[in-house]
Structures are given as C-alpha cells and as structure tokens.
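Have a look at the structure below before the remarks.
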Amino acid sequence: MATWTYLGFQDSASPLMEQLIFFHDHIMVVLIMIITFVGYMMASILTNSFINRYMLEHQTIELIWTALPAVILVFIALPSLRLLYLLDEVNNPSVTLKTVGHQWYWSYEYSDFLDAEFDSYMTPTNELESSGFRLLDVDNRTVLPMNTQIRVVITAADVIHSWTVPALGVKADAIPGRLNQSSFMMSRPGLFYGQCSEICGANHSFMPIVVESVNTNSFLNWISSYSD
Amino acid sequence: MNAESGGTQLLLLLLLARKGEVPTMSEAIMSSQMETAPFDPRFPNQNQTKYCYQSYVDFHRCQKLKGEEYEPCQYFKKVFRSVCPNAWVEKWDEQLENGSFPSKI
C-alpha cells in the first residue's frame, strides 16, 4: 500500500501491473531524453550570439524534426497498444467476483460454487486497532486465491463509483445498470488496498477496498465458512 | 480434473503438489468448485451486461422448451448466477412472476 510521501507506484502484485510499471519507466526514459535535449538546445541558443542573416529555410532540419518525433511516437504507441489489449484479455478465469458499489460501501458476491455475499464497510478511526490503517481498513475483506485468474464484474446500485486496486493494476468504473468486467492474477499473498475512484457523494473518501490474497486452500476454507 | 477448468488450475495443483501442500479437500471437489462462467466470444468486451441478461433469458427459454428436469439448461443458470448481481436476478424473477419481464421467454 501507499504510505506517507510515497509518490511512485506501489509494488506490483500482478503480472499486468508489472508490465504497466515497465511501460511507465520506458516512457520516462524517452521523456527525459527529449527534455534534456530541448533544454540544452534552448540554453545554448539563448546564450550564444551567432546569427545567420541569409537563412530563410532549411529543408534537411525540417525533415529531421518532423520524422524523428513520428518515429519516437511509434515506439511509445506500440507498447501502449500491446498493454491495452493485454489488459482487456480474460484468460479462462476460475473465480468470478461480483462487486457492487453503494453509497457508501462496497458489497461483494461470490456465487460460482458456494454462495457468499457481504458488505464491506470502512473501520471507523475510533474502532481501529493500533495496527490498523486509518481510512483504509474494512470490516470484511475481499478474500481471493493467488495464482488464479480472477474475473471481477463491477457494477453499482445507486451512483457511479470506481473499483480500484493500484497494486493489482485494476480500475474500472461501477455504473448502475451496466456490468464492467476486469481481470487479474495475484502473484503473491498479501493485503492490497484501494479506494473508490469516482466522486460518489459525501462519504466517497470513506469506502476503501481491501483484497486479501491467500492460497487456494485457505480461500476454499474461508468461502465454505462464509456460506454456512 | 475437469478438462474445462483450464491450464492455470492444473498448473496450480501441480505447484501445490510439488510443495507438499496438496489441498485437504479432494481434488475432485476442488476442480468442480473452482469453476466459473467461461469467456464467451459473443461478449468479448469490457461490458458484460448482455452476457448476464442473455444467459438469464436463455435459461428460462431452455426450461420452457425442454422442461424443468432437462439437465443441460443448468449451464445457463450457472453462467448467470456467476455473472449477474443477485439483486438483478431477484428483480427479474419477480418480473417473471408478475408477467412484466421485458423479453419473450
């Protein structure tokens, strides 16, 4: 999870988030090279006194500074498109999690095998244990198996919400009357935190998401105890 | 192992078996349990609303056509139970009872 003054990405917990971080780093390299080059050119032009009274046009340099940005854009666009389509892919999911946004809590439904349905409210600060995370911990965590393809079907019951878990690279709007699908595979056990990402009313800031990644066996035990 | 349950799951079981963490629940239960509505090429987009609705309609059409005992209809039920929010199913069941469901069953 993100902590105080943490400005970068959170550590990835899914292969797709890893790819997103690589893509970000790739773009940053291109960006910094361009900024450095342009900055150097501006500084050098402003600080020298060379003039060329007879220059009206220069075809060669025009050609270079038209073609080069186009080539650079291709090197950004192709990996971007690759990622876009990878994120859209649903690879044979083993579990479907339904998540419904409400004002102002999330409710979850698992109905593939055993029925489990519960609401997930934020733990208020005065009830928080000293080890808890203020404004992030919830009473009922969303338990899911790791190393398993998971499909999330996201919708809302009242206004638009957005279900987001940055460590998993998942963000999709929850829209009333529409089912949005997203999928991920968690590569390690842990707790992954997220928050509603679409302004949904007064308590928008107080409907966090906690995904608990466990092994398959623990997940099956949890869900069988839940559906009793 | 069910053939439909996918390579990921097989891999997972193999990994677990190698680590000596073979699930206490039998493999048979697990493979039948860890199964959900498969990818449907009719609905390849992020928007899965129609997948849910169509499966619900198909289930009831199937039952009307083949009778309630006809086992293959249960496939549609499995799909819409996995994909549709429970509130939607309840609402549609009510509409079916009242005869106000918008689709022809």
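To be explicit about the labels: the chains of the structure tokens are called A, B, and onward in the order shown, and within each one the residues are counted from 1, while ligands get numbers from 1 in the order they are shown.
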Using only C-alpha atoms, which residues sit within 7 Å of range 71-83 of chain B once same-chain residues fewer than 2 positions away are excluded, as an MDAnalysis selection string?
(chainID A and resid 96 111:112 153) or (chainID B and resid 36:37 52 55:56 58:59 62:63 69 85)
How about saving the chosen residues, C-alpha atoms kept, as a short mmCIF file (atom, residue, chain, number, x, y, z; two decimals), in the first residue's frame?
data_model
loop_
_atom_site.label_atom_id
_atom_site.label_comp_id
_atom_site.auth_asym_id
_atom_site.auth_seq_id
_atom_site.Cartn_x
_atom_site.Cartn_y
_atom_site.Cartn_z
CA THR A 96 -15.80 -14.56 -10.60
CA SER A 111 -21.74 -17.29 -6.44
CA ASP A 112 -19.68 -19.69 -8.59
CA VAL A 153 -17.67 -7.94 -12.52
CA THR B 36 -16.85 -20.08 -13.30
CA ALA B 37 -18.64 -18.80 -16.40
CA CYS B 52 -25.68 -11.84 -17.86
CA SER B 55 -27.88 -16.23 -20.07
CA TYR B 56 -30.84 -15.48 -17.83
CA ASP B 58 -31.63 -18.48 -22.36
CA PHE B 59 -32.07 -20.42 -19.13
CA CYS B 62 -34.42 -23.61 -22.36
CA GLN B 63 -36.58 -24.68 -19.42
CA GLU B 69 -35.80 -31.50 -15.47
CA PRO B 85 -25.60 -9.38 -9.44
#
Show me, as number ranges by chain, the residues of chain B whose atoms get within 6 Å of chain A, using only C-alpha atoms for the distance check.
B: 23, 33-36, 46-49, 82
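One finds CA of Pro166 in chain A at 12.8 Å from CA of Leu7 in chain A.
Across the model, the gap from CA of Leu168 in chain A to CA of Gln10 in chain A is 9.3 Å.
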How many Å lie between CA of Ile223 in chain A and CA of Lys50 in chain B, rounded to one decimal?
27.8 Å
Apply DSSP to the backbone of this structure and, from range 84-113 of chain A, keep only the residues in strand (DSSP E); write these as a ChimeraX atom specification.
/A:95-102,105-110
For the alpha helix (DSSP H) assignment from backbone DSSP, which residues of range 1-126 of chain A qualify? Please present them as a ChimeraX atom specification.
/A:15-47,59-88
